[in-house]
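Text of the file work16.cif, holding mmCIF, C-alpha atoms and all ligand atoms:
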```cif
data_final
loop_
_atom_site.label_atom_id
_atom_site.label_comp_id
_atom_site.auth_asym_id
_atom_site.auth_seq_id
_atom_site.Cartn_x
_atom_site.Cartn_y
_atom_site.Cartn_z
CA MET A 14 27.06 7.78 16.75
CA ALA A 15 25.75 8.53 20.21
CA LEU A 16 23.22 6.95 22.49
CA ARG A 17 20.75 9.66 23.50
CA GLU A 18 18.45 9.87 26.51
CA ILE A 19 14.79 9.15 25.75
CA LEU A 20 12.41 11.72 27.25
CA ILE A 21 9.83 10.22 29.59
CA LEU A 22 6.27 11.36 30.37
CA PRO A 23 5.46 13.99 31.74
CA ASP A 24 8.39 15.80 30.09
CA LYS A 25 6.81 18.89 28.47
CA ARG A 26 9.14 18.68 25.44
CA LEU A 27 7.12 15.64 24.30
CA ARG A 28 4.17 18.01 23.74
CA LYS A 29 6.04 20.31 21.33
CA VAL A 30 5.07 20.35 17.65
CA SER A 31 8.21 19.48 15.70
CA GLU A 32 9.61 21.75 12.96
CA PRO A 33 9.97 20.57 9.35
CA VAL A 34 13.49 19.74 8.17
CA LYS A 35 14.57 22.42 5.66
CA LYS A 36 17.86 20.87 4.52
CA ILE A 37 19.20 17.32 4.97
CA ASP A 38 22.67 18.31 6.11
CA ALA A 39 25.37 16.67 8.26
CA GLY A 40 23.48 17.66 11.44
CA VAL A 41 20.32 15.86 10.29
CA ARG A 42 22.31 12.79 9.19
CA LYS A 43 24.02 12.67 12.63
CA LEU A 44 20.61 13.03 14.33
CA ILE A 45 19.34 10.04 12.31
CA GLU A 46 22.39 7.93 13.25
CA ASP A 47 21.84 8.77 16.93
CA MET A 48 18.15 7.92 16.61
CA PHE A 49 18.89 4.46 15.17
CA GLU A 50 21.46 3.73 17.89
CA THR A 51 19.02 4.85 20.59
CA MET A 52 16.05 3.00 19.05
CA TYR A 53 17.93 -0.31 18.62
CA GLU A 54 19.35 -0.12 22.14
CA ALA A 55 15.98 0.63 23.82
CA PRO A 56 14.82 -1.61 22.05
CA GLY A 57 12.03 -0.09 19.99
CA ILE A 58 10.51 -0.46 16.54
CA GLY A 59 10.18 3.29 15.98
CA LEU A 60 11.43 6.62 17.30
CA ALA A 61 10.56 10.27 16.67
CA ALA A 62 13.35 12.85 17.02
CA VAL A 63 11.35 14.75 19.63
CA GLN A 64 11.66 11.70 21.94
CA ILE A 65 15.38 12.45 22.21
CA GLY A 66 14.76 16.16 22.65
CA THR A 67 15.21 17.37 19.04
CA SER A 68 11.93 18.74 17.75
CA LYS A 69 12.55 18.11 14.04
CA ARG A 70 10.13 16.13 11.86
CA VAL A 71 12.26 12.98 11.61
CA VAL A 72 11.18 9.38 12.29
CA THR A 73 13.25 6.19 12.32
CA MET A 74 11.73 2.72 12.19
CA ASP A 75 12.68 -0.95 11.88
CA LEU A 76 9.88 -3.51 11.86
CA ALA A 77 12.11 -6.53 11.13
CA LYS A 78 11.62 -9.47 13.48
CA LYS A 79 14.49 -10.62 15.74
CA GLU A 80 15.50 -13.46 13.40
CA GLU A 81 15.32 -11.24 10.28
CA PRO A 82 18.09 -8.91 9.00
CA LYS A 83 17.80 -5.27 10.06
CA SER A 84 15.52 -3.15 7.89
CA PRO A 85 16.05 0.49 8.87
CA GLN A 86 13.62 3.06 7.47
CA VAL A 87 13.80 6.87 7.73
CA PHE A 88 10.90 9.26 7.19
CA ILE A 89 11.71 12.97 6.98
CA ASN A 90 8.81 15.46 7.10
CA PRO A 91 6.26 12.60 6.92
CA GLU A 92 2.70 13.62 6.18
CA ILE A 93 -0.45 11.48 6.13
CA VAL A 94 -2.21 12.22 2.84
CA TRP A 95 -4.96 9.55 3.00
CA THR A 96 -6.54 7.35 5.64
CA SER A 97 -8.94 4.43 5.17
CA ASP A 98 -12.42 4.40 6.69
CA GLU A 99 -11.65 0.91 7.96
CA THR A 100 -10.00 0.96 11.38
CA ALA A 101 -7.77 -1.45 13.28
CA ILE A 102 -7.03 -1.85 16.98
CA TYR A 103 -3.45 -2.47 18.09
CA GLU A 104 -2.01 -2.69 21.58
CA GLU A 105 0.56 0.12 21.52
CA GLY A 106 3.53 0.87 23.71
CA CYS A 107 5.83 3.89 23.78
CA LEU A 108 9.48 4.29 24.71
CA SER A 109 8.52 7.57 26.43
CA ILE A 110 5.90 5.79 28.58
CA PRO A 111 7.76 2.61 29.63
CA GLU A 112 5.93 -0.60 30.53
CA THR A 113 2.54 0.90 29.68
CA TYR A 114 0.30 -0.49 26.96
CA GLY A 115 -3.14 0.34 25.62
CA ASP A 116 -5.46 -0.60 22.77
CA VAL A 117 -5.59 2.21 20.20
CA GLU A 118 -8.02 2.35 17.28
CA ARG A 119 -6.64 4.05 14.18
CA PRO A 120 -7.26 3.95 10.40
CA ALA A 121 -6.18 0.51 9.16
CA GLN A 122 -4.47 1.87 6.03
CA VAL A 123 -2.67 5.15 5.41
CA LYS A 124 -0.76 6.83 2.60
CA VAL A 125 2.20 8.88 3.78
CA LYS A 126 4.43 11.20 1.77
CA TYR A 127 7.90 11.92 3.09
CA LEU A 128 11.48 12.71 2.11
CA ASP A 129 14.14 10.00 2.09
CA LEU A 130 17.76 10.50 3.24
CA GLU A 131 18.69 11.90 -0.19
CA GLY A 132 15.86 14.42 -0.02
CA ALA A 133 13.76 12.65 -2.67
CA GLN A 134 9.98 12.85 -2.27
CA ARG A 135 8.48 9.41 -1.68
CA ASP A 136 5.06 7.89 -1.01
CA ILE A 137 4.23 4.78 0.96
CA GLU A 138 0.95 2.93 1.33
CA ALA A 139 0.89 1.11 4.65
CA ASN A 140 -1.26 -1.33 6.53
CA GLY A 141 -0.81 -3.55 9.60
CA LEU A 142 1.98 -2.67 12.04
CA LEU A 143 3.61 -0.24 9.56
CA ALA A 144 0.39 1.83 9.40
CA THR A 145 0.06 1.80 13.20
CA CYS A 146 3.70 2.70 13.79
CA LEU A 147 3.69 5.51 11.18
CA GLN A 148 0.60 7.06 12.81
CA HIS A 149 2.09 6.67 16.32
CA GLU A 150 5.33 8.38 15.23
CA ILE A 151 3.64 11.16 13.23
CA ASP A 152 1.50 11.79 16.34
CA HIS A 153 4.78 12.32 18.26
CA LEU A 154 5.80 14.98 15.71
CA ASN A 155 2.55 16.77 16.55
CA GLY A 156 2.98 16.48 20.34
CA ILE A 157 0.41 13.68 20.60
CA LEU A 158 0.99 10.51 22.65
CA PHE A 159 -0.84 7.18 22.30
CA ILE A 160 -2.42 7.73 25.73
CA ASP A 161 -4.32 10.68 24.19
CA HIS A 162 -6.31 8.07 22.23
CA LEU A 163 -7.36 6.24 25.44
CA SER A 164 -10.27 7.17 27.73
CA LYS A 165 -9.71 10.22 29.96
CA LEU A 166 -9.80 7.92 33.00
CA LYS A 167 -7.02 5.66 31.69
CA ARG A 168 -4.94 8.63 30.42
CA ASP A 169 -5.21 10.53 33.71
CA ARG A 170 -4.20 7.43 35.70
CA ILE A 171 -1.09 6.96 33.55
CA ILE A 172 -0.11 10.65 33.72
CA LYS A 173 -0.58 10.64 37.53
CA LYS A 174 1.62 7.55 37.90
CA PHE A 175 4.45 9.03 35.80
CA THR A 176 4.17 12.48 37.42
CA LYS A 177 4.55 10.89 40.87
CA ALA A 178 7.56 8.86 39.68
CA ALA A 179 9.21 11.98 38.21
CA LYS A 180 8.69 13.88 41.50
CA ARG A 181 10.19 11.00 43.51
CA ALA A 182 13.21 10.95 41.17
CA GLY A 183 13.64 14.71 41.86
O1 LIG A 201 7.57 5.74 19.35
C1 LIG A 201 7.86 4.94 20.25
O2 LIG A 201 7.73 5.24 21.43
C2 LIG A 201 8.39 3.58 19.89
C3 LIG A 201 7.32 2.52 19.99
C4 LIG A 201 6.65 2.36 18.64
C5 LIG A 201 5.32 1.67 18.60
C6 LIG A 201 5.10 0.47 19.26
C7 LIG A 201 3.88 -0.17 19.18
C8 LIG A 201 2.88 0.39 18.43
C9 LIG A 201 3.09 1.57 17.80
C10 LIG A 201 4.32 2.21 17.87
C11 LIG A 201 8.02 1.23 20.41
O3 LIG A 201 8.87 0.76 19.74
S1 LIG A 201 7.53 0.48 21.89
C12 LIG A 201 8.50 -1.02 21.92
C13 LIG A 201 8.00 -2.10 21.03
O4 LIG A 201 6.88 -2.01 20.53
C14 LIG A 201 8.85 -3.26 20.70
C15 LIG A 201 10.12 -3.37 21.20
C16 LIG A 201 10.90 -4.48 20.89
C17 LIG A 201 10.41 -5.48 20.10
C18 LIG A 201 9.14 -5.39 19.59
C19 LIG A 201 8.35 -4.27 19.89
ZN ZN A 202 5.91 6.56 21.28
#
```
Using the file provided, produce a representation of the structure as structure tokens.
Amino acid sequence: MALREILILPDKRLRKVSEPVKKIDAGVRKLIEDMFETMYEAPGIGLAAVQIGTSKRVVTMDLAKKEEPKSPQVFINPEIVWTSDETAIYEEGCLSIPETYGDVERPAQVKVKYLDLEGAQRDIEANGLLATCLQHEIDHLNGILFIDHLSKLKRDRIIKKFTKAAKRAG
């Protein structure tokens, strides 16, 4: 396993549309191991492969609370196949936009189809934090960040702040 660097806004690679996984081989399994190590260390509740610079449609997640046992979940080639009309607002954060939070309105329930680690096709119906996190991570696979769901004023302020910081860091 290896701890990988998390890309930070305004890194252009975060805007790439990720490629579907064709075969779940040793390379993909190693990528998933690295993603879990990186996500747990951050710490985060989700991670898209593109956030560590690999633009493959792979998402890791663990929504277990601190006092609960780990509950790792992997979604390969996840696809939203249904969204509810009802919406929910959740204050989101992002490991690629540290210490920045914003209220995002999204469908409250979603159905997602995906492949598991064995390559079996699965479906999941999600609500609450799972629905929010799945939509946030699938957005990453499409080059979309949670700040794209905020007002242009808020988004531009955040991008300006991170662009300045990146320039200062050289
Ligand atoms: O994709 C990411 O950048 C990870 C992100 C996932 C996410 C958070 C909130 C709403 C939607 C999606 C994070 O994990 S940010 C960190 C975070 O939320 C958290 C970290 C430790 C404990 C509890 C939450
Ligand atoms: Zn994120």
Exercise. May I ask you to write as a PyMOL selection string all residues lying at most 8 Å from ligand ZN 202 (chain A), with only C-alpha atoms and all ligand atoms counted?
Key: chain A and resi 59-61+64+106-110+149-150+153+158-159
Practice problem: Excluding range 133-147 of chain A and residues on its chain fewer than 5 positions from it, collect all residues at most 6 Å away from it, counting all atoms listed in the file, and give them as a PyMOL selection string. | Solution: chain A and resi 121-128
Starting from 5 Å padding per side, set up an axis-aligned box that covers all listed atoms of ligand LIG 201 (chain A) and hand over centre and edge lengths in Å, one decimal, as lines of an AutoDock Vina configuration file.
```
center_x = 6.9
center_y = 0.1
center_z = 19.9
size_x = 18.0
size_y = 21.2
size_z = 14.1
```
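Using only C-alpha atoms, the nearest neighbour of Gly66 in chain A within the list A:Ala101, A:Arg170, A:Arg181, A:Asp47 is A:Asp47.
The space between CA of Val94 in chain A and CA of Val71 in chain A spans 16.9 Å.
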Self-check item: Spatial neighbours of Val41 in chain A, max dist 10 Å, all atoms listed in the file, sep filter under 5 positions, as a PyMOL selection string
Solution: chain A and resi 34-36+46-47+69+71+89+130
Take range 61-86 of chain A, model N, CA, C and O atoms, and hand the result over as an mmCIF file, keeping the file's coordinate frame.
```cif
data_model
loop_
_atom_site.group_PDB
_atom_site.id
_atom_site.type_symbol
_atom_site.label_atom_id
_atom_site.label_comp_id
_atom_site.auth_asym_id
_atom_site.auth_seq_id
_atom_site.Cartn_x
_atom_site.Cartn_y
_atom_site.Cartn_z
ATOM 1 N N ALA A 61 10.680 8.913 17.236
ATOM 2 C CA ALA A 61 10.560 10.270 16.670
ATOM 3 C C ALA A 61 11.647 11.122 17.314
ATOM 4 O O ALA A 61 11.947 10.963 18.506
ATOM 5 N N ALA A 62 12.221 12.044 16.522
ATOM 6 C CA ALA A 62 13.350 12.850 17.020
ATOM 7 C C ALA A 62 13.002 13.577 18.321
ATOM 8 O O ALA A 62 13.842 13.717 19.208
ATOM 9 N N VAL A 63 11.764 14.008 18.431
ATOM 10 C CA VAL A 63 11.350 14.750 19.630
ATOM 11 C C VAL A 63 11.531 13.907 20.907
ATOM 12 O O VAL A 63 11.729 14.447 21.992
ATOM 13 N N GLN A 64 11.503 12.572 20.754
ATOM 14 C CA GLN A 64 11.660 11.700 21.940
ATOM 15 C C GLN A 64 13.089 11.759 22.498
ATOM 16 O O GLN A 64 13.309 11.351 23.634
ATOM 17 N N ILE A 65 14.024 12.244 21.679
ATOM 18 C CA ILE A 65 15.380 12.450 22.210
ATOM 19 C C ILE A 65 15.681 13.947 22.329
ATOM 20 O O ILE A 65 16.832 14.364 22.399
ATOM 21 N N GLY A 66 14.615 14.745 22.334
ATOM 22 C CA GLY A 66 14.760 16.160 22.650
ATOM 23 C C GLY A 66 15.067 17.067 21.469
ATOM 24 O O GLY A 66 15.385 18.240 21.667
ATOM 25 N N THR A 67 14.972 16.546 20.237
ATOM 26 C CA THR A 67 15.210 17.370 19.040
ATOM 27 C C THR A 67 13.894 17.478 18.275
ATOM 28 O O THR A 67 13.441 16.497 17.673
ATOM 29 N N SER A 68 13.285 18.652 18.324
ATOM 30 C CA SER A 68 11.930 18.740 17.750
ATOM 31 C C SER A 68 11.980 19.049 16.255
ATOM 32 O O SER A 68 11.569 20.100 15.780
ATOM 33 N N LYS A 69 12.514 18.074 15.521
ATOM 34 C CA LYS A 69 12.550 18.110 14.040
ATOM 35 C C LYS A 69 11.670 16.967 13.543
ATOM 36 O O LYS A 69 11.594 15.924 14.200
ATOM 37 N N ARG A 70 11.080 17.134 12.359
ATOM 38 C CA ARG A 70 10.130 16.130 11.860
ATOM 39 C C ARG A 70 10.905 14.975 11.198
ATOM 40 O O ARG A 70 10.958 14.842 9.976
ATOM 41 N N VAL A 71 11.477 14.142 12.052
ATOM 42 C CA VAL A 71 12.260 12.980 11.610
ATOM 43 C C VAL A 71 11.809 11.758 12.403
ATOM 44 O O VAL A 71 11.655 11.831 13.631
ATOM 45 N N VAL A 72 11.608 10.641 11.683
ATOM 46 C CA VAL A 72 11.180 9.380 12.290
ATOM 47 C C VAL A 72 12.108 8.269 11.802
ATOM 48 O O VAL A 72 12.414 8.196 10.602
ATOM 49 N N THR A 73 12.540 7.408 12.716
ATOM 50 C CA THR A 73 13.250 6.190 12.320
ATOM 51 C C THR A 73 12.367 4.990 12.683
ATOM 52 O O THR A 73 11.546 5.074 13.609
ATOM 53 N N MET A 74 12.574 3.896 11.966
ATOM 54 C CA MET A 74 11.730 2.720 12.190
ATOM 55 C C MET A 74 12.462 1.461 11.718
ATOM 56 O O MET A 74 13.270 1.531 10.775
ATOM 57 N N ASP A 75 12.211 0.348 12.359
ATOM 58 C CA ASP A 75 12.680 -0.950 11.880
ATOM 59 C C ASP A 75 11.712 -2.003 12.392
ATOM 60 O O ASP A 75 11.688 -2.306 13.584
ATOM 61 N N LEU A 76 10.924 -2.557 11.475
ATOM 62 C CA LEU A 76 9.880 -3.510 11.860
ATOM 63 C C LEU A 76 10.317 -4.957 11.645
ATOM 64 O O LEU A 76 9.511 -5.876 11.771
ATOM 65 N N ALA A 77 11.622 -5.154 11.349
ATOM 66 C CA ALA A 77 12.110 -6.530 11.130
ATOM 67 C C ALA A 77 12.024 -7.327 12.439
ATOM 68 O O ALA A 77 12.269 -6.779 13.524
ATOM 69 N N LYS A 78 11.676 -8.609 12.294
ATOM 70 C CA LYS A 78 11.620 -9.470 13.480
ATOM 71 C C LYS A 78 13.053 -9.832 13.898
ATOM 72 O O LYS A 78 13.982 -9.698 13.099
ATOM 73 N N LYS A 79 13.170 -10.308 15.163
ATOM 74 C CA LYS A 79 14.490 -10.620 15.740
ATOM 75 C C LYS A 79 15.360 -11.460 14.813
ATOM 76 O O LYS A 79 16.550 -11.210 14.646
ATOM 77 N N GLU A 80 14.733 -12.498 14.205
ATOM 78 C CA GLU A 80 15.500 -13.460 13.400
ATOM 79 C C GLU A 80 15.766 -12.926 11.979
ATOM 80 O O GLU A 80 16.533 -13.540 11.224
ATOM 81 N N GLU A 81 15.156 -11.803 11.625
ATOM 82 C CA GLU A 81 15.320 -11.240 10.280
ATOM 83 C C GLU A 81 16.462 -10.214 10.268
ATOM 84 O O GLU A 81 16.787 -9.626 11.307
ATOM 85 N N PRO A 82 17.056 -9.972 9.068
ATOM 86 C CA PRO A 82 18.090 -8.910 9.000
ATOM 87 C C PRO A 82 17.462 -7.544 9.278
ATOM 88 O O PRO A 82 16.261 -7.350 9.060
ATOM 89 N N LYS A 83 18.284 -6.622 9.765
ATOM 90 C CA LYS A 83 17.800 -5.270 10.060
ATOM 91 C C LYS A 83 17.193 -4.639 8.812
ATOM 92 O O LYS A 83 17.668 -4.893 7.687
ATOM 93 N N SER A 84 16.172 -3.818 9.008
ATOM 94 C CA SER A 84 15.520 -3.150 7.890
ATOM 95 C C SER A 84 15.187 -1.699 8.274
ATOM 96 O O SER A 84 14.026 -1.333 8.464
ATOM 97 N N PRO A 85 16.260 -0.882 8.406
ATOM 98 C CA PRO A 85 16.050 0.490 8.870
ATOM 99 C C PRO A 85 15.306 1.356 7.850
ATOM 100 O O PRO A 85 15.573 1.262 6.644
ATOM 101 N N GLN A 86 14.371 2.146 8.331
ATOM 102 C CA GLN A 86 13.620 3.060 7.470
ATOM 103 C C GLN A 86 13.656 4.460 8.096
ATOM 104 O O GLN A 86 13.539 4.595 9.319
#
```
